[in-house]
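Asks: For reference, this is final_33.cif, and it has mmCIF, C-alpha atoms.
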data_protein
#
loop_
_atom_site.group_PDB
_atom_site.id
_atom_site.type_symbol
_atom_site.label_atom_id
_atom_site.label_comp_id
_atom_site.auth_asym_id
_atom_site.auth_seq_id
_atom_site.Cartn_x
_atom_site.Cartn_y
_atom_site.Cartn_z
ATOM 1 C CA MET A 1 -7.646 20.970 -17.744
ATOM 2 C CA ASP A 2 -5.883 19.507 -20.759
ATOM 3 C CA LEU A 3 -5.117 15.936 -19.678
ATOM 4 C CA ARG A 4 -2.113 15.910 -21.990
ATOM 5 C CA ALA A 5 -0.371 18.291 -19.577
ATOM 6 C CA LEU A 6 -0.400 15.758 -16.735
ATOM 7 C CA ARG A 7 2.797 13.803 -16.105
ATOM 8 C CA ALA A 8 1.341 10.917 -14.098
ATOM 9 C CA PHE A 9 -1.866 8.939 -13.692
ATOM 10 C CA ILE A 10 -2.749 7.051 -10.520
ATOM 11 C CA PHE A 11 -5.317 4.259 -10.809
ATOM 12 C CA ASP A 12 -7.374 2.612 -8.112
ATOM 13 C CA LEU A 13 -7.610 -1.173 -8.545
ATOM 14 C CA ASP A 14 -10.749 -2.756 -7.014
ATOM 15 C CA GLY A 15 -13.804 -1.513 -8.881
ATOM 16 C CA CYS A 16 -11.718 0.534 -11.303
ATOM 17 C CA VAL A 17 -9.054 -1.547 -13.083
ATOM 18 C CA TYR A 18 -10.743 -4.812 -12.174
ATOM 19 C CA VAL A 19 -13.812 -6.134 -10.379
ATOM 20 C CA GLY A 20 -13.055 -9.412 -8.649
ATOM 21 C CA GLU A 21 -11.329 -11.494 -11.331
ATOM 22 C CA SER A 22 -12.645 -9.489 -14.291
ATOM 23 C CA LEU A 23 -10.739 -6.703 -16.013
ATOM 24 C CA VAL A 24 -12.722 -3.514 -16.619
ATOM 25 C CA PRO A 25 -13.151 -2.943 -20.383
ATOM 26 C CA GLY A 26 -10.875 -0.343 -21.953
ATOM 27 C CA VAL A 27 -8.155 -0.408 -19.302
ATOM 28 C CA PRO A 28 -5.394 -1.928 -21.496
ATOM 29 C CA ALA A 29 -5.859 0.668 -24.239
ATOM 30 C CA VAL A 30 -5.653 3.575 -21.772
ATOM 31 C CA LEU A 31 -2.512 2.204 -20.130
ATOM 32 C CA GLU A 32 -0.895 1.564 -23.504
ATOM 33 C CA ARG A 33 -1.617 5.121 -24.622
ATOM 34 C CA LEU A 34 -0.196 6.620 -21.433
ATOM 35 C CA ARG A 35 2.980 4.540 -21.644
ATOM 36 C CA ARG A 36 3.427 5.379 -25.316
ATOM 37 C CA ASP A 37 3.210 9.075 -24.447
ATOM 38 C CA GLY A 38 5.803 8.737 -21.676
ATOM 39 C CA ARG A 39 3.414 9.377 -18.800
ATOM 40 C CA ARG A 40 4.085 7.681 -15.456
ATOM 41 C CA ILE A 41 1.597 5.184 -14.008
ATOM 42 C CA LEU A 42 0.932 3.980 -10.475
ATOM 43 C CA PHE A 43 -1.692 1.563 -9.200
ATOM 44 C CA LEU A 44 -2.810 2.735 -5.757
ATOM 45 C CA THR A 45 -5.120 0.586 -3.660
ATOM 46 C CA ASN A 46 -6.469 0.591 -0.121
ATOM 47 C CA ASN A 47 -6.088 -3.214 -0.145
ATOM 48 C CA SER A 48 -5.081 -4.199 3.391
ATOM 49 C CA ARG A 49 -4.542 -7.883 2.677
ATOM 50 C CA GLU A 50 -1.977 -7.982 -0.148
ATOM 51 C CA ASP A 51 1.379 -6.481 -1.018
ATOM 52 C CA GLY A 52 2.501 -5.194 -4.389
ATOM 53 C CA ALA A 53 3.960 -8.531 -5.452
ATOM 54 C CA ALA A 54 0.607 -10.316 -5.074
ATOM 55 C CA LEU A 55 -1.213 -7.501 -6.847
ATOM 56 C CA GLN A 56 1.373 -7.517 -9.636
ATOM 57 C CA ALA A 57 0.723 -11.237 -10.108
ATOM 58 C CA LYS A 58 -3.027 -10.591 -10.348
ATOM 59 C CA LEU A 59 -2.568 -7.824 -12.902
ATOM 60 C CA THR A 60 -0.333 -10.108 -14.957
ATOM 61 C CA ARG A 61 -2.953 -12.854 -14.789
ATOM 62 C CA LEU A 62 -5.539 -10.384 -16.107
ATOM 63 C CA GLY A 63 -3.254 -9.290 -18.947
ATOM 64 C CA ILE A 64 -1.847 -6.058 -17.483
ATOM 65 C CA GLN A 65 1.926 -5.711 -17.317
ATOM 66 C CA ALA A 66 3.109 -3.555 -14.418
ATOM 67 C CA ALA A 67 6.463 -3.136 -12.725
ATOM 68 C CA ARG A 68 6.628 -3.884 -9.015
ATOM 69 C CA GLU A 69 7.379 -0.251 -8.177
ATOM 70 C CA GLU A 70 4.201 0.818 -10.011
ATOM 71 C CA ILE A 71 1.984 -0.765 -7.341
ATOM 72 C CA LEU A 72 1.377 0.490 -3.806
ATOM 73 C CA SER A 73 -1.130 -0.972 -1.334
ATOM 74 C CA GLY A 74 -2.456 0.135 2.013
ATOM 75 C CA ALA A 75 -0.961 -2.992 3.540
ATOM 76 C CA GLU A 76 2.517 -1.925 2.416
ATOM 77 C CA ALA A 77 2.056 1.645 3.616
ATOM 78 C CA ALA A 78 0.813 0.726 7.105
ATOM 79 C CA GLY A 79 4.128 -0.321 8.669
ATOM 80 C CA PRO A 80 6.085 2.785 7.603
ATOM 81 C CA TYR A 81 3.164 5.021 8.622
ATOM 82 C CA LEU A 82 3.105 3.516 12.109
ATOM 83 C CA ARG A 83 6.875 3.841 12.374
ATOM 84 C CA GLU A 84 6.653 7.546 11.508
ATOM 85 C CA ARG A 85 3.880 8.089 14.061
ATOM 86 C CA PHE A 86 5.011 5.901 16.954
ATOM 87 C CA GLY A 87 8.472 4.561 16.174
ATOM 88 C CA PRO A 88 9.014 0.787 16.325
ATOM 89 C CA THR A 89 6.265 -0.286 18.683
ATOM 90 C CA ARG A 90 4.092 -3.074 20.058
ATOM 91 C CA LEU A 91 0.999 -3.682 17.933
ATOM 92 C CA LEU A 92 -2.219 -5.589 18.411
ATOM 93 C CA ALA A 93 -3.062 -6.249 14.762
ATOM 94 C CA ILE A 94 -5.715 -8.221 12.933
ATOM 95 C CA GLY A 95 -5.727 -8.949 9.216
ATOM 96 C CA SER A 96 -3.976 -11.153 6.705
ATOM 97 C CA ASP A 97 -0.685 -12.955 7.257
ATOM 98 C CA THR A 98 0.793 -10.643 4.620
ATOM 99 C CA LEU A 99 -0.196 -7.527 6.571
ATOM 100 C CA ARG A 100 1.212 -8.947 9.770
ATOM 101 C CA SER A 101 4.488 -9.871 8.055
ATOM 102 C CA LEU A 102 4.762 -6.374 6.586
ATOM 103 C CA LEU A 103 4.253 -4.836 10.025
ATOM 104 C CA ILE A 104 7.009 -7.033 11.476
ATOM 105 C CA GLY A 105 9.230 -6.157 8.524
ATOM 106 C CA ALA A 106 8.789 -2.470 9.338
ATOM 107 C CA GLY A 107 10.283 -3.084 12.779
ATOM 108 C CA HIS A 108 7.178 -3.543 14.905
ATOM 109 C CA GLU A 109 6.412 -6.261 17.451
ATOM 110 C CA LEU A 110 3.059 -8.026 17.291
ATOM 111 C CA VAL A 111 1.414 -9.014 20.546
ATOM 112 C CA PRO A 112 -1.130 -11.870 20.722
ATOM 113 C CA LEU A 113 -4.785 -11.197 21.451
ATOM 114 C CA GLU A 114 -4.275 -12.714 24.888
ATOM 115 C CA ASP A 115 -1.709 -10.002 25.697
ATOM 116 C CA ALA A 116 -3.744 -7.055 24.439
ATOM 117 C CA ARG A 117 -2.824 -4.883 27.409
ATOM 118 C CA GLY A 118 0.775 -4.894 26.215
ATOM 119 C CA ALA A 119 -0.099 -3.191 22.913
ATOM 120 C CA ARG A 120 0.563 0.485 22.317
ATOM 121 C CA VAL A 121 -1.378 0.552 19.017
ATOM 122 C CA VAL A 122 -4.366 -1.402 17.688
ATOM 123 C CA VAL A 123 -4.208 -1.952 13.908
ATOM 124 C CA ILE A 124 -7.149 -3.231 11.882
ATOM 125 C CA GLY A 125 -6.890 -4.718 8.415
ATOM 126 C CA HIS A 126 -9.437 -6.778 6.525
ATOM 127 C CA ASP A 127 -9.895 -10.001 8.500
ATOM 128 C CA PHE A 128 -12.088 -12.841 7.209
ATOM 129 C CA GLU A 129 -11.957 -14.423 10.688
ATOM 130 C CA PHE A 130 -13.249 -11.371 12.557
ATOM 131 C CA ASP A 131 -15.634 -12.404 15.352
ATOM 132 C CA TYR A 132 -17.189 -11.227 18.608
ATOM 133 C CA ARG A 133 -14.133 -12.257 20.639
ATOM 134 C CA LYS A 134 -11.834 -10.121 18.511
ATOM 135 C CA LEU A 135 -14.282 -7.232 18.618
ATOM 136 C CA THR A 136 -14.336 -7.356 22.414
ATOM 137 C CA ILE A 137 -10.549 -7.515 22.802
ATOM 138 C CA LEU A 138 -9.858 -4.781 20.244
ATOM 139 C CA ALA A 139 -12.511 -2.395 21.585
ATOM 140 C CA ARG A 140 -11.303 -2.849 25.151
ATOM 141 C CA ALA A 141 -7.700 -2.199 24.104
ATOM 142 C CA VAL A 142 -8.684 1.016 22.302
ATOM 143 C CA LYS A 143 -10.911 2.125 25.171
ATOM 144 C CA GLY A 144 -8.027 1.376 27.529
ATOM 145 C CA GLY A 145 -5.702 3.829 25.814
ATOM 146 C CA ALA A 146 -4.076 2.111 22.832
ATOM 147 C CA ALA A 147 -3.884 4.242 19.703
ATOM 148 C CA PHE A 148 -6.371 3.133 17.038
ATOM 149 C CA VAL A 149 -5.236 2.840 13.403
ATOM 150 C CA ALA A 150 -7.194 1.474 10.430
ATOM 151 C CA VAL A 151 -5.485 0.466 7.201
ATOM 152 C CA ASN A 152 -8.618 1.663 5.405
ATOM 153 C CA VAL A 153 -12.272 2.395 6.103
ATOM 154 C CA ASP A 154 -13.784 1.043 2.889
ATOM 155 C CA ALA A 155 -17.239 -0.331 3.640
ATOM 156 C CA HIS A 156 -17.344 -2.671 0.633
ATOM 157 C CA LEU A 157 -14.987 -4.919 -1.306
ATOM 158 C CA PRO A 158 -16.585 -5.151 -4.792
ATOM 159 C CA VAL A 159 -16.765 -8.507 -6.579
ATOM 160 C CA GLU A 160 -18.385 -9.716 -9.780
ATOM 161 C CA HIS A 161 -22.089 -9.429 -10.690
ATOM 162 C CA GLY A 162 -22.621 -6.292 -8.605
ATOM 163 C CA GLN A 163 -21.988 -8.085 -5.324
ATOM 164 C CA PHE A 164 -19.602 -7.203 -2.496
ATOM 165 C CA PHE A 165 -17.990 -8.431 0.682
ATOM 166 C CA PRO A 166 -18.048 -6.268 3.833
ATOM 167 C CA GLY A 167 -14.788 -4.334 3.748
ATOM 168 C CA CYS A 168 -12.191 -3.432 6.327
ATOM 169 C CA GLY A 169 -14.234 -0.361 7.207
ATOM 170 C CA ALA A 170 -17.085 -2.515 8.456
ATOM 171 C CA LEU A 171 -14.782 -4.072 11.060
ATOM 172 C CA VAL A 172 -13.301 -0.687 11.931
ATOM 173 C CA ALA A 173 -16.785 0.753 12.429
ATOM 174 C CA ALA A 174 -17.682 -2.016 14.881
ATOM 175 C CA VAL A 175 -14.578 -1.387 17.008
ATOM 176 C CA SER A 176 -15.071 2.383 16.797
ATOM 177 C CA HIS A 177 -18.711 2.161 17.832
ATOM 178 C CA ALA A 178 -17.951 -0.210 20.720
ATOM 179 C CA SER A 179 -15.043 1.868 22.032
ATOM 180 C CA GLY A 180 -16.436 5.321 21.247
ATOM 181 C CA ILE A 181 -13.137 6.286 19.561
ATOM 182 C CA ARG A 182 -12.479 7.090 15.906
ATOM 183 C CA PRO A 183 -9.353 5.732 14.206
ATOM 184 C CA GLU A 184 -6.496 7.279 12.318
ATOM 185 C CA VAL A 185 -6.596 6.022 8.728
ATOM 186 C CA VAL A 186 -3.589 5.042 6.611
ATOM 187 C CA GLY A 187 -5.369 4.646 3.276
ATOM 188 C CA LYS A 188 -7.490 6.824 1.031
ATOM 189 C CA PRO A 189 -9.132 9.313 1.507
ATOM 190 C CA SER A 190 -6.531 10.278 4.117
ATOM 191 C CA PRO A 191 -3.507 12.059 2.616
ATOM 192 C CA HIS A 192 -0.777 9.605 3.639
ATOM 193 C CA LEU A 193 -1.251 7.062 0.849
ATOM 194 C CA PHE A 194 -1.577 9.776 -1.806
ATOM 195 C CA ARG A 195 1.627 11.426 -0.624
ATOM 196 C CA ALA A 196 3.429 8.086 -0.704
ATOM 197 C CA ALA A 197 2.209 7.606 -4.276
ATOM 198 C CA LEU A 198 3.376 11.046 -5.391
ATOM 199 C CA GLY A 199 6.739 10.455 -3.744
ATOM 200 C CA ARG A 200 7.169 7.208 -5.628
ATOM 201 C CA LEU A 201 6.184 8.878 -8.906
ATOM 202 C CA GLY A 202 8.406 11.880 -8.303
ATOM 203 C CA VAL A 203 5.727 14.405 -9.279
ATOM 204 C CA GLY A 204 3.829 17.208 -7.590
ATOM 205 C CA THR A 205 0.140 17.205 -6.753
ATOM 206 C CA HIS A 206 -0.799 19.392 -9.725
ATOM 207 C CA GLU A 207 1.042 17.113 -12.158
ATOM 208 C CA ALA A 208 -1.000 13.974 -11.464
ATOM 209 C CA ALA A 209 -4.531 12.640 -11.839
ATOM 210 C CA MET A 210 -6.293 10.096 -9.645
ATOM 211 C CA VAL A 211 -8.635 7.722 -11.468
ATOM 212 C CA GLY A 212 -11.087 5.747 -9.345
ATOM 213 C CA ASP A 213 -14.652 4.623 -8.813
ATOM 214 C CA SER A 214 -15.080 5.752 -5.188
ATOM 215 C CA LEU A 215 -16.333 9.279 -4.632
ATOM 216 C CA ASN A 216 -15.092 9.323 -1.059
ATOM 217 C CA SER A 217 -11.792 7.452 -1.238
ATOM 218 C CA ASP A 218 -10.604 8.477 -4.695
ATOM 219 C CA VAL A 219 -12.293 11.762 -5.601
ATOM 220 C CA ARG A 220 -12.574 13.440 -2.201
ATOM 221 C CA GLY A 221 -9.128 12.207 -1.169
ATOM 222 C CA ALA A 222 -7.477 13.377 -4.386
ATOM 223 C CA GLN A 223 -9.117 16.800 -4.321
ATOM 224 C CA SER A 224 -8.092 17.381 -0.713
ATOM 225 C CA LEU A 225 -4.460 17.319 -1.862
ATOM 226 C CA GLY A 226 -4.928 19.128 -5.164
ATOM 227 C CA LEU A 227 -4.742 16.154 -7.528
ATOM 228 C CA PHE A 228 -6.938 16.180 -10.615
ATOM 229 C CA SER A 229 -9.798 13.745 -9.925
ATOM 230 C CA ILE A 230 -11.279 11.452 -12.577
ATOM 231 C CA TRP A 231 -14.363 9.539 -11.456
ATOM 232 C CA LEU A 232 -15.228 6.282 -13.198
ATOM 233 C CA ALA A 233 -18.912 6.546 -12.376
ATOM 234 C CA PRO A 234 -20.725 3.318 -11.481
ATOM 235 C CA PRO A 235 -24.118 2.966 -13.218
ATOM 236 C CA GLY A 236 -26.905 4.829 -11.461
ATOM 237 C CA VAL A 237 -24.682 6.612 -8.924
ATOM 238 C CA ASP A 238 -25.055 10.394 -8.533
ATOM 239 C CA PRO A 239 -22.094 12.374 -7.163
ATOM 240 C CA GLY A 240 -24.350 14.659 -5.156
ATOM 241 C CA GLU A 241 -22.606 17.772 -3.878
ATOM 242 C CA LEU A 242 -19.136 16.344 -4.494
ATOM 243 C CA GLN A 243 -18.070 17.280 -8.015
ATOM 244 C CA PRO A 244 -15.199 15.332 -9.620
ATOM 245 C CA ASP A 245 -12.950 17.309 -11.952
ATOM 246 C CA LEU A 246 -13.869 14.846 -14.696
ATOM 247 C CA THR A 247 -16.559 12.147 -14.820
ATOM 248 C CA ILE A 248 -16.309 9.220 -17.233
ATOM 249 C CA ARG A 249 -18.582 6.238 -17.735
ATOM 250 C CA THR A 250 -16.046 4.107 -19.625
ATOM 251 C CA PHE A 251 -12.311 4.020 -20.157
ATOM 252 C CA ALA A 252 -12.939 4.547 -23.859
ATOM 253 C CA GLU A 253 -14.063 8.085 -22.963
ATOM 254 C CA LEU A 254 -10.805 8.689 -21.133
ATOM 255 C CA GLU A 255 -8.692 7.301 -23.950
ATOM 256 C CA ALA A 256 -10.303 9.756 -26.372
ATOM 257 C CA MET A 257 -9.228 12.675 -24.161
ATOM 258 C CA LEU A 258 -5.569 11.693 -23.758
#
Kindly transcribe the structure held in the file into structure tokens.
Replies:
Amino acid sequence: MDLRALRAFIFDLDGCVYVGESLVPGVPAVLERLRRDGRRILFLTNNSREDGAALQAKLTRLGIQAAREEILSGAEAAGPYLRERFGPTRLLAIGSDTLRSLLIGAGHELVPLEDARGARVVVIGHDFEFDYRKLTILARAVKGGAAFVAVNVDAHLPVEHGQFFPGCGALVAAVSHASGIRPEVVGKPSPHLFRAALGRLGVGTHEAAMVGDSLNSDVRGAQSLGLFSIWLAPPGVDPGELQPDLTIRTFAELEAML
């Protein structure tokens, strides 16, 4: 495909635009070229802890100017997704204060861990205070009949120097294994977050490209909906049987193709 025919480019954030507090080389030049050519841009992240305002502030700090409406996180998408699926409902949710506030803002009621039996849905976001007590309460609630929803199932949260923190998916996997039940997923690679992104951009699936470093979340998710997939390949990683539409090693390669 001629990349010049695409109307919009969607970029993952963690591991793609930045790693921890470090901007990935070549990103500013690519964004500048796309804006100069009149192409639309959206930053799409599975981040379950922060809303677009916090992510906008981080991008600004790293030297990237982005409008608020150009950023969409899993945390922001969770409340509306749950409202579509269950209506305003009672949630047992773990995660950041921002996630919890967004869920309340979407019309849901949060129940305390001590009142887990009163929850219709269990929601898991990335929680730095996750422990055995929470695991027990959440797994019992899911096993007892509450719907099970994960903001994302990312195993790792990449940080500088090739290191990582266990991601939201690690917590989700523990609850799933203990309860024997798999969750619904709001974020990538499930289609909901991609569809929300396309709706915000006002373009169709065949008019947009997804740029990301995750084969599963970004490439597999994008291809399942018909988006053009661009894989920013981490050093030493082989795609295996999954073939991205385009593989790049640096953003300079992408800039040369635009």
Asks: Given the file above and the PyMOL selection byres ((chain A and resi 95) around 9), which residues are selected, and can you give them as a ChimeraX atom specification?
Replies: /A:48-49,93-94,96-100,123-130,168
Asks: Taking only C-alpha atoms into account, which of A:Gly26, A:Gly169, A:Gly144, A:Gly79 comes nearest Gly118 of chain A?
Replies: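 Distance minimum relative to Gly118 of chain A lands on A:Gly144.
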Asks: Which of these residues is nearest to Asp245 of chain A, using only C-alpha atoms: A:Ala233, A:Leu110, A:Phe194, A:Met1?
Replies: A:Met1
Asks: Calculated over all atoms listed in the file, which of the candidates A:Val159, A:Leu62, A:Leu6, A:Ala173 has the smallest distance to Leu23 of chain A?
Replies: A:Leu62
Asks: Expand the PyMOL selection byres ((chain A and resi 59) around 12) into the individual residues it matches in the shown file, reporting them as a PyMOL selection string.
Replies: chain A and resi 13-14+17-24+27-28+43+52-58+60-68+70-71
Asks: Can you work out the spacing between atom CA of Tyr81 of chain A and atom CA of Asn47 of chain A in Å, to one decimal?
Replies: 15.2 Å
Asks: If you measure from atom CA of Arg83 of chain A to atom CA of Val142 of chain A, what distance in Å do you get, rounded to one decimal?
Replies: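 Between these atoms lies a distance of 18.7 Å.
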Asks: Given the file shown, enumerate the residues that the PyMOL selection byres ((chain A and resi 166) around 9) captures and present them as a count of residues only.
Replies: 12
Asks: List the spatial neighbours of Leu44 of chain A as number ranges by chain - criterion: any atom at most 8 Å away, only C-alpha atoms, same-chain residues fewer than 2 positions off excluded.
Replies: A: 10-13, 42, 46, 71-73, 197
Asks: Taking the block just given, write segment 133-227 of chain A to a file that holds C-alpha atoms, as a compact mmCIF listing (two decimals), in the first residue's frame.
Replies:
# COMPACT_ATOMS: atom_id res chain seq x y z
CA ARG A 133 -6.59 -10.26 49.71
CA LYS A 134 -7.73 -8.49 46.55
CA LEU A 135 -7.05 -11.58 44.47
CA THR A 136 -9.25 -13.66 46.77
CA ILE A 137 -12.14 -11.19 46.81
CA LEU A 138 -12.07 -10.57 43.06
CA ALA A 139 -11.82 -14.25 42.11
CA ARG A 140 -14.66 -15.18 44.45
CA ALA A 141 -16.85 -12.41 43.01
CA VAL A 142 -16.20 -13.59 39.44
CA LYS A 143 -16.71 -17.23 40.39
CA GLY A 144 -19.93 -16.19 42.12
CA GLY A 145 -21.44 -14.78 38.95
CA ALA A 146 -20.21 -11.21 38.48
CA ALA A 147 -19.23 -10.34 34.92
CA PHE A 148 -15.45 -10.06 34.49
CA VAL A 149 -13.99 -7.13 32.53
CA ALA A 150 -10.31 -6.21 32.08
CA VAL A 151 -9.25 -2.77 30.89
CA ASN A 152 -6.35 -4.50 29.14
CA VAL A 153 -4.40 -7.75 29.25
CA ASP A 154 -0.91 -6.39 28.62
CA ALA A 155 1.61 -8.55 30.45
CA HIS A 156 4.31 -5.87 30.62
CA LEU A 157 4.58 -2.12 31.13
CA PRO A 158 7.90 -1.19 29.43
CA VAL A 159 10.28 1.23 31.14
CA GLU A 160 13.79 2.45 30.40
CA HIS A 161 16.90 0.26 29.95
CA GLY A 162 14.92 -2.72 28.65
CA GLN A 163 13.13 -3.27 31.95
CA PHE A 164 9.41 -3.59 32.67
CA PHE A 165 6.78 -3.67 35.38
CA PRO A 166 4.17 -6.46 35.45
CA GLY A 167 1.20 -5.05 33.56
CA CYS A 168 -2.53 -5.11 34.10
CA GLY A 169 -2.68 -8.43 32.29
CA ALA A 170 -0.62 -10.09 35.00
CA LEU A 171 -3.28 -9.22 37.58
CA VAL A 172 -6.07 -10.25 35.21
CA ALA A 173 -4.37 -13.60 34.62
CA ALA A 174 -4.22 -14.29 38.36
CA VAL A 175 -7.94 -13.62 38.82
CA SER A 176 -8.80 -15.59 35.68
CA HIS A 177 -6.73 -18.58 36.76
CA ALA A 178 -8.16 -18.55 40.29
CA SER A 179 -11.77 -18.23 39.13
CA GLY A 180 -11.52 -20.37 35.99
CA ILE A 181 -13.22 -17.60 33.95
CA ARG A 182 -11.79 -15.50 31.13
CA PRO A 183 -12.53 -11.77 30.99
CA GLU A 184 -14.00 -9.47 28.40
CA VAL A 185 -11.33 -6.97 27.36
CA VAL A 186 -11.88 -3.26 26.68
CA GLY A 187 -8.46 -2.46 25.22
CA LYS A 188 -6.36 -3.70 22.33
CA PRO A 189 -6.35 -6.25 20.72
CA SER A 190 -10.12 -6.35 21.23
CA PRO A 191 -12.02 -4.26 18.66
CA HIS A 192 -13.73 -1.80 21.02
CA LEU A 193 -10.82 0.60 21.51
CA PHE A 194 -9.95 0.58 17.80
CA ARG A 195 -13.54 1.38 16.88
CA ALA A 196 -13.61 4.22 19.39
CA ALA A 197 -10.42 5.58 17.82
CA LEU A 198 -11.81 5.40 14.28
CA GLY A 199 -15.00 7.09 15.44
CA ARG A 200 -13.03 9.94 16.94
CA LEU A 201 -10.95 10.29 13.78
CA GLY A 202 -13.97 10.10 11.50
CA VAL A 203 -12.35 7.61 9.11
CA GLY A 204 -13.00 4.06 7.97
CA THR A 205 -10.85 1.05 8.77
CA HIS A 206 -9.17 1.03 5.35
CA GLU A 207 -8.22 4.71 5.64
CA ALA A 208 -6.06 4.37 8.76
CA ALA A 209 -2.83 2.76 9.92
CA MET A 210 -1.98 1.51 13.40
CA VAL A 211 1.63 2.01 14.46
CA GLY A 212 2.82 0.06 17.50
CA ASP A 213 5.46 -2.18 19.01
CA SER A 214 3.19 -5.00 20.23
CA LEU A 215 2.51 -7.82 17.79
CA ASN A 216 -0.53 -8.96 19.72
CA SER A 217 -2.14 -5.71 20.86
CA ASP A 218 -1.28 -3.45 17.93
CA VAL A 219 -0.69 -5.65 14.88
CA ARG A 220 -3.11 -8.50 15.51
CA GLY A 221 -5.77 -6.12 16.82
CA ALA A 222 -5.44 -3.74 13.87
CA GLN A 223 -5.51 -6.50 11.27
CA SER A 224 -8.62 -8.06 12.80
CA LEU A 225 -10.52 -4.89 11.89
CA GLY A 226 -8.84 -4.22 8.55
CA LEU A 227 -6.51 -1.40 9.58
